[in-house]
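Student: This is the structure I have questions about; it appears just below.
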Amino acid sequence: MRRLSWFNAISLTLGFAFLYIPMLILITYSFNAGKLVTVWSGFSTKWYGELFRNEAFLDAAWVTLKVAVMSSTIATVLGTMAAYVMVRAGRFPGRTLFSGMIYAPLVMPEVITGLSLLLLFISIGLDRGVLTIVLAHTTFSMCFVSVVVSSRLVTFDQSLEEAALDLGCTGFEAFRLVTLPIIMPAVVSGWLLAFTLSLDDLVIASFTSGPSSTTLPIKIFSAVRLGVSPEINALSTIMIGLVTIGVIGASLTSKRSIAKRQKDEQGAIQ
Amino acid sequence: MSDAATAPVSVFAPWEDPQAKPLIQFQNVTKRWGDFTAIDDLSIDIYTKEFFALLGPSGCGKTTMMRMLAGFETPTEGKILIDGQDVAAIPPNKRAVNMMFQSYALFPHLSVAENIAFGLKRDKLPKDQIAARVEEMLTLVQLNKFANRKPHQISGGQRQRVALARSLAKAPKLLLLDEPLGALDKKLRQDTQFELMDIQEKTGTTFVIVTHDQEEAMTVASRIAVMDHGQIIQVDTPSKIYEEPKSVYVADFIGDVNLIKGKVSHYDDGHAAISWAEGQPELKGISPLSLTLGSEATLAVRPEKLSIYTSRPKDQTNVIKGKVLDIAYLGNMSTYVIETPTGEHIKAQIANTRRIQRRQITWEDKVWLSFTETAGVVLDR
């Protein structure tokens with residue numbers, strides 16, 4: 001192993017410190033026994049217990065989860081369809097305009113997306129609740145899915161689909177039996193991306209949520225405005241934990257599948 | 001010995017039988033993309049059980065023809081008939097035509113056996129029937145041991161055979177092969193060519209192969225169509241294409257050839273002669289074309305048809321004097337480049353039946369070349 005030069009060591013330390021000190025402080029104070037966030041008064045897990053007795057938080061968490069699952073699933077279906085058409089339909093009049101319009105929400109300020117959706121829901125008389133948040137989240141996360149899936153489709157060997165047609169598939173069968181299984185990893189990561197985007201969205205959700213459907217980010221944000229409580233710290237720590245497990249799990253699975261593939265390919269050469 | 005005309009026809013040549021019904025008919029087919037004409041008013045008949053090669057440089061339209069047969073492209077004008085039926089309205093999945101793709105297009109998420117079974121499952125065949133057919137195909141391409149491997153777990157040559165088995169599994173009337181051996185190295189390619197011919201014979205399927213490799217076309221095909229710029233220049237058996245090309249393009253595209261330019265000095269029903277240089281005797285050859293005296297012509301003669309002499313040969317026609325400019329030793333044969341007094345370079349290929357040390361002819365030697373009257377072909381321009 002090469003030893004780090006002092007310069008590199010310092011850069012590395014500073015970089016990591018910059019990224020993780022805020023989170024470490026948050027995690028540490030979530031185990032604080034006292035009510036005051038900034039004063040350490042001994043170790044305790046009582047705020048975690050408090051959290052699970054807090055109906056409002058649990059309700060919000062449930063709403064958030066429901067919204068995230070529904071919106072990311074719808075966004076994945078629509079986004080994959082959009083990506084497929086954009087990559088496969090070839091040149092048709094207005095193609096550039098269409099693809100530009102699909103990707104525009106990526107750079108659109110969330111406030112504008114949220115506001116325009118709010119105006120739409122009011123004008124068609126749709127009561128704000130879980131449904132409106134799902135619709136709103138689908139709208140903005142669809143383009144992310146579409147970007148992920150289309151980048152996979154661009155490198156997809158089109159002769160695979162032609163082979164499927166040649167062997168007797170209809171167009172839809174070719175997609176279901178050949179294209180979809182092969183691009184599945186991209187579709188899944190598109191879904192995960194949409195899911196996380198929906199989980200932590202505050203701005204659009206606050207425009208489109210109703211009184212009965214508060215999501216967790218909204219709940220946390222409004223709670224913090226009244227002062228940071230150790231309960232919030234505990235909740236945030238749980239969320240950090242979940243995200244960490246998810247990320248580590250995902251990277252382990254992909255590493256394992258790469259290792260397996262390499263082993264298989266070596267087997268083929270012999 | 002029986003009379004050749006009454007003897008049973010043992011040579012496979014349905015294209016010479018006016019009664020034979022072609023399997024595939026291209027009738028004045030044109031394919032355009034905008035201003036670009038890929039196929040230009042092309043007509044051709046291909047017969048059942050033929051191994052038909054479409055040969056030409058890239059961009060000559062051979063792949064477009066194949067894709068029109070598979071149903072991935074439709075002709076802009078003209079008709080394509082398979083078994084007498086216009087196929088314009090039949091989508092690729094309803095045609096009794098299967099294709100082996102250049103990239104093999106094996107489904108990476110399915111095993112070898114599942115790849116082969118793919119087309120059969122689409123036909124909703126009973127399970128045991130599918131299994132039996134897959135087994136039969138695996139035996140045909142000798143891959144039984146690899147049935148459960150995924151495509152990335154087998155070698156390139158094995159992948160090629162899986163692709164072939166998959167496209168043959170549905171027992172198509174017509175199999176299209178798009179540069180099927182392009183990805184294999186030379187040795188494997190030669191072995192596979194013979195395997196392909198063997199399988200074609202065993203299954204009795206009509207094969208249409210697209211290739212830019214003239215040796216491959218010569219080896220496998222019953223007939224070759226040499227194409228250029230969306231048109232068929234000549235359709236003939238490999239030996240006819242090689243020995244009796246009808247144009248300079250075909251002569252030059254297939255194999256090595258000496259092209260000697262001159263003027264027609266004599267023409268008489270299939271026999272022609274050209275005067276090609278001041279003070280040199282005329283060169284005689286056969287000609288499939290009708291030529292006019294005095295018009296520009298080219299004599300095409302293959303290097304291996306030339307003999308080299310160290311003294312002027314007696315009683316020979318077509319004698320050319322020159323000196324040895326270059327010798328390329330290829331192992332089994334040597335190519336001599338001879339410079340004529342007029343400065344033209346003519347190649348002669350001599351089989352090395354003796355060890356190289358005993359070679360009589362060397363650089364700068366004065367030599368005489370000669371070839372028989374039927375060795376060369378006199379062509380337009």
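Chain labels run A, B, ... following the order of the structure tokens; each chain numbers its residues from 1, and ligands are numbered from 1 in the order shown.
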Find the residues of chain B in contact range of chain A, meaning any atom within 6 Å when counting only C-alpha atoms, and list them as a list in words.

Tutor: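 Listing them in order of chain and number gives Pro92, Asn93, Asn98, Ala105, Gly119, Arg122, Gln153, Ile154 and Ser155 of chain B.
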
Student: List every residue of segment 92-189 of chain B that DSSP, applied to the backbone of this structure, places in helix (DSSP H, G or I), and write the result as a ChimeraX atom specification.

Tutor: /B:92-94,112-122,127-140,144-146,151-153,156-168,186-189

Student: Could you give me, as number ranges by chain, the residues within 8 Å of Lys366 of chain B, counting only C-alpha atoms and dropping anything in the same chain fewer than 2 positions from it?

Tutor: B: 310, 321-324, 364, 368

Student: Store the residues of this selection in a file with N, CA and C atoms, as a tab-separated table (two decimals), in the first residue's frame.

Tutor:
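Okay, result.tsv is ready:
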```tsv
chain	number	residue	atom	x	y	z
B	310	THR	N	11.79	-19.79	-69.76
B	310	THR	CA	13.05	-19.05	-69.78
B	310	THR	C	13.54	-18.84	-71.21
B	321	LYS	N	6.64	-11.21	-73.87
B	321	LYS	CA	8.01	-11.18	-73.40
B	321	LYS	C	8.11	-10.17	-72.26
B	322	GLY	N	9.00	-10.43	-71.32
B	322	GLY	CA	9.18	-9.48	-70.24
B	322	GLY	C	10.34	-9.86	-69.35
B	323	LYS	N	10.49	-9.09	-68.26
B	323	LYS	CA	11.53	-9.46	-67.30
B	323	LYS	C	10.93	-9.49	-65.89
B	324	VAL	N	11.55	-10.32	-65.08
B	324	VAL	CA	11.01	-10.52	-63.73
B	324	VAL	C	11.28	-9.29	-62.88
B	364	GLU	N	15.16	-9.99	-62.45
B	364	GLU	CA	15.81	-9.41	-63.63
B	364	GLU	C	15.98	-10.40	-64.78
B	368	TRP	N	9.43	-15.46	-70.80
B	368	TRP	CA	8.29	-15.39	-71.71
B	368	TRP	C	7.07	-15.95	-70.99
```

Student: Have a look at atom CA of Tyr29 of chain A and atom CA of Ser44 of chain A and let me know their distance in Å, one decimal.

Tutor: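 That distance, rounded to one decimal, is 9.7 Å.
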
Student: Segment 101-117 of chain A: which residues within 12 Å, counting only C-alpha atoms, same-chain residues fewer than 4 positions away excluded, as a VMD selection string?

Tutor: chain A and resid 78 to 83 85 to 86 94 to 97 121 to 124 126 128 132 to 148 150 197 201 to 209

Student: Tell me, as a ChimeraX atom specification, which residues lie within 7 Å of segment 279-290 of chain B, counting only C-alpha atoms; anything in the same chain fewer than 5 positions away does not count.

Tutor: /B:246,270-274,318,373-379

Student: Go ahead and write the selection's residues with N, CA and C atoms as a PDB file, in the first residue's frame.

Tutor:
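Dumped everything to result.pdb:
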```
ATOM      1  N   LYS B 246     -18.474 -11.647 -66.844  1.00  0.00           N
ATOM      2  CA  LYS B 246     -19.034 -10.950 -68.001  1.00  0.00           C
ATOM      3  C   LYS B 246     -18.686  -9.479 -67.992  1.00  0.00           C
ATOM      4  N   GLY B 270     -17.809 -15.834 -80.035  1.00  0.00           N
ATOM      5  CA  GLY B 270     -17.266 -16.317 -78.772  1.00  0.00           C
ATOM      6  C   GLY B 270     -15.751 -16.297 -78.678  1.00  0.00           C
ATOM      7  N   HIS B 271     -15.097 -16.110 -79.769  1.00  0.00           N
ATOM      8  CA  HIS B 271     -13.636 -16.013 -79.735  1.00  0.00           C
ATOM      9  C   HIS B 271     -13.226 -14.609 -80.154  1.00  0.00           C
ATOM     10  N   ALA B 272     -12.268 -14.062 -79.439  1.00  0.00           N
ATOM     11  CA  ALA B 272     -11.862 -12.696 -79.735  1.00  0.00           C
ATOM     12  C   ALA B 272     -10.361 -12.560 -79.553  1.00  0.00           C
ATOM     13  N   ALA B 273      -9.833 -11.510 -80.133  1.00  0.00           N
ATOM     14  CA  ALA B 273      -8.418 -11.209 -79.933  1.00  0.00           C
ATOM     15  C   ALA B 273      -8.279  -9.711 -79.791  1.00  0.00           C
ATOM     16  N   ILE B 274      -7.276  -9.298 -79.022  1.00  0.00           N
ATOM     17  CA  ILE B 274      -7.043  -7.861 -78.898  1.00  0.00           C
ATOM     18  C   ILE B 274      -5.604  -7.559 -79.295  1.00  0.00           C
ATOM     19  N   ASN B 318      -0.513 -16.499 -77.610  1.00  0.00           N
ATOM     20  CA  ASN B 318      -0.486 -15.572 -76.475  1.00  0.00           C
ATOM     21  C   ASN B 318       0.852 -15.570 -75.743  1.00  0.00           C
ATOM     22  N   GLU B 373      -5.621 -20.237 -75.420  1.00  0.00           N
ATOM     23  CA  GLU B 373      -6.639 -19.391 -76.036  1.00  0.00           C
ATOM     24  C   GLU B 373      -7.908 -19.291 -75.203  1.00  0.00           C
ATOM     25  N   THR B 374      -8.151 -20.312 -74.389  1.00  0.00           N
ATOM     26  CA  THR B 374      -9.383 -20.292 -73.595  1.00  0.00           C
ATOM     27  C   THR B 374      -9.152 -19.789 -72.169  1.00  0.00           C
ATOM     28  N   ALA B 375      -7.932 -19.416 -71.839  1.00  0.00           N
ATOM     29  CA  ALA B 375      -7.642 -18.998 -70.467  1.00  0.00           C
ATOM     30  C   ALA B 375      -8.113 -17.577 -70.183  1.00  0.00           C
ATOM     31  N   GLY B 376      -8.020 -16.731 -71.215  1.00  0.00           N
ATOM     32  CA  GLY B 376      -8.371 -15.329 -71.000  1.00  0.00           C
ATOM     33  C   GLY B 376      -9.773 -15.028 -71.493  1.00  0.00           C
ATOM     34  N   VAL B 377     -10.366 -13.969 -70.936  1.00  0.00           N
ATOM     35  CA  VAL B 377     -11.702 -13.547 -71.344  1.00  0.00           C
ATOM     36  C   VAL B 377     -11.611 -12.105 -71.838  1.00  0.00           C
ATOM     37  N   VAL B 378     -12.141 -11.871 -73.023  1.00  0.00           N
ATOM     38  CA  VAL B 378     -12.122 -10.504 -73.555  1.00  0.00           C
ATOM     39  C   VAL B 378     -13.434  -9.817 -73.185  1.00  0.00           C
ATOM     40  N   LEU B 379     -13.299  -8.662 -72.526  1.00  0.00           N
ATOM     41  CA  LEU B 379     -14.483  -7.962 -72.004  1.00  0.00           C
ATOM     42  C   LEU B 379     -14.525  -6.533 -72.504  1.00  0.00           C
TER      43      LEU B 379
END
```

Student: Provide the atom CA of Ile232 of chain B to atom CA of Leu42 of chain B distance in Å, to one decimal place.

Tutor: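 For atom CA of Ile232 of chain B relative to atom CA of Leu42 of chain B, the distance reads 7.0 Å.
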
Student: With only C-alpha atoms as the atoms that count, which of B:Asp213, B:Glu135, B:Glu50, B:Asp256 lies nearest to Glu201 of chain B?

Tutor: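 Between B:Asp213, B:Glu135, B:Glu50, B:Asp256, the residue approaching Glu201 of chain B most closely is B:Glu50.
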
Student: Could you tell me how far atom CA of Gln214 of chain B lies from atom CA of Leu54 of chain B, in Å and to one decimal?

Tutor: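 These atoms are spaced 9.8 Å apart.
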
Student: Go through segment 37-218 of chain B and collect every residue that DSSP, computed from the backbone, puts in strand (DSSP E or B); the answer should be as number ranges by chain.

Tutor: B: 37-46, 51-55, 77-82, 85-86, 97-100, 174-178, 206-211

Student: So that I can see what lies close to segment 11-23 of chain B, please list as a list of chain:residue names the residues with an atom at most 6 Å from it, counting only C-alpha atoms and leaving out residues fewer than 2 positions away in the same chain.

Tutor: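 These residues fall inside the cut-off: B:Val9, B:Asp45, B:Ile46, B:Tyr47, B:Thr48, B:Ile82, B:Asp83.
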
Student: Under the rule that only C-alpha atoms are counted, which of B:Ala132, B:Ile90, B:Leu81, B:Met68 is the nearest residue to Gln27 of chain B?

Tutor: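 So, comparing all the options, the nearest one is B:Leu81.
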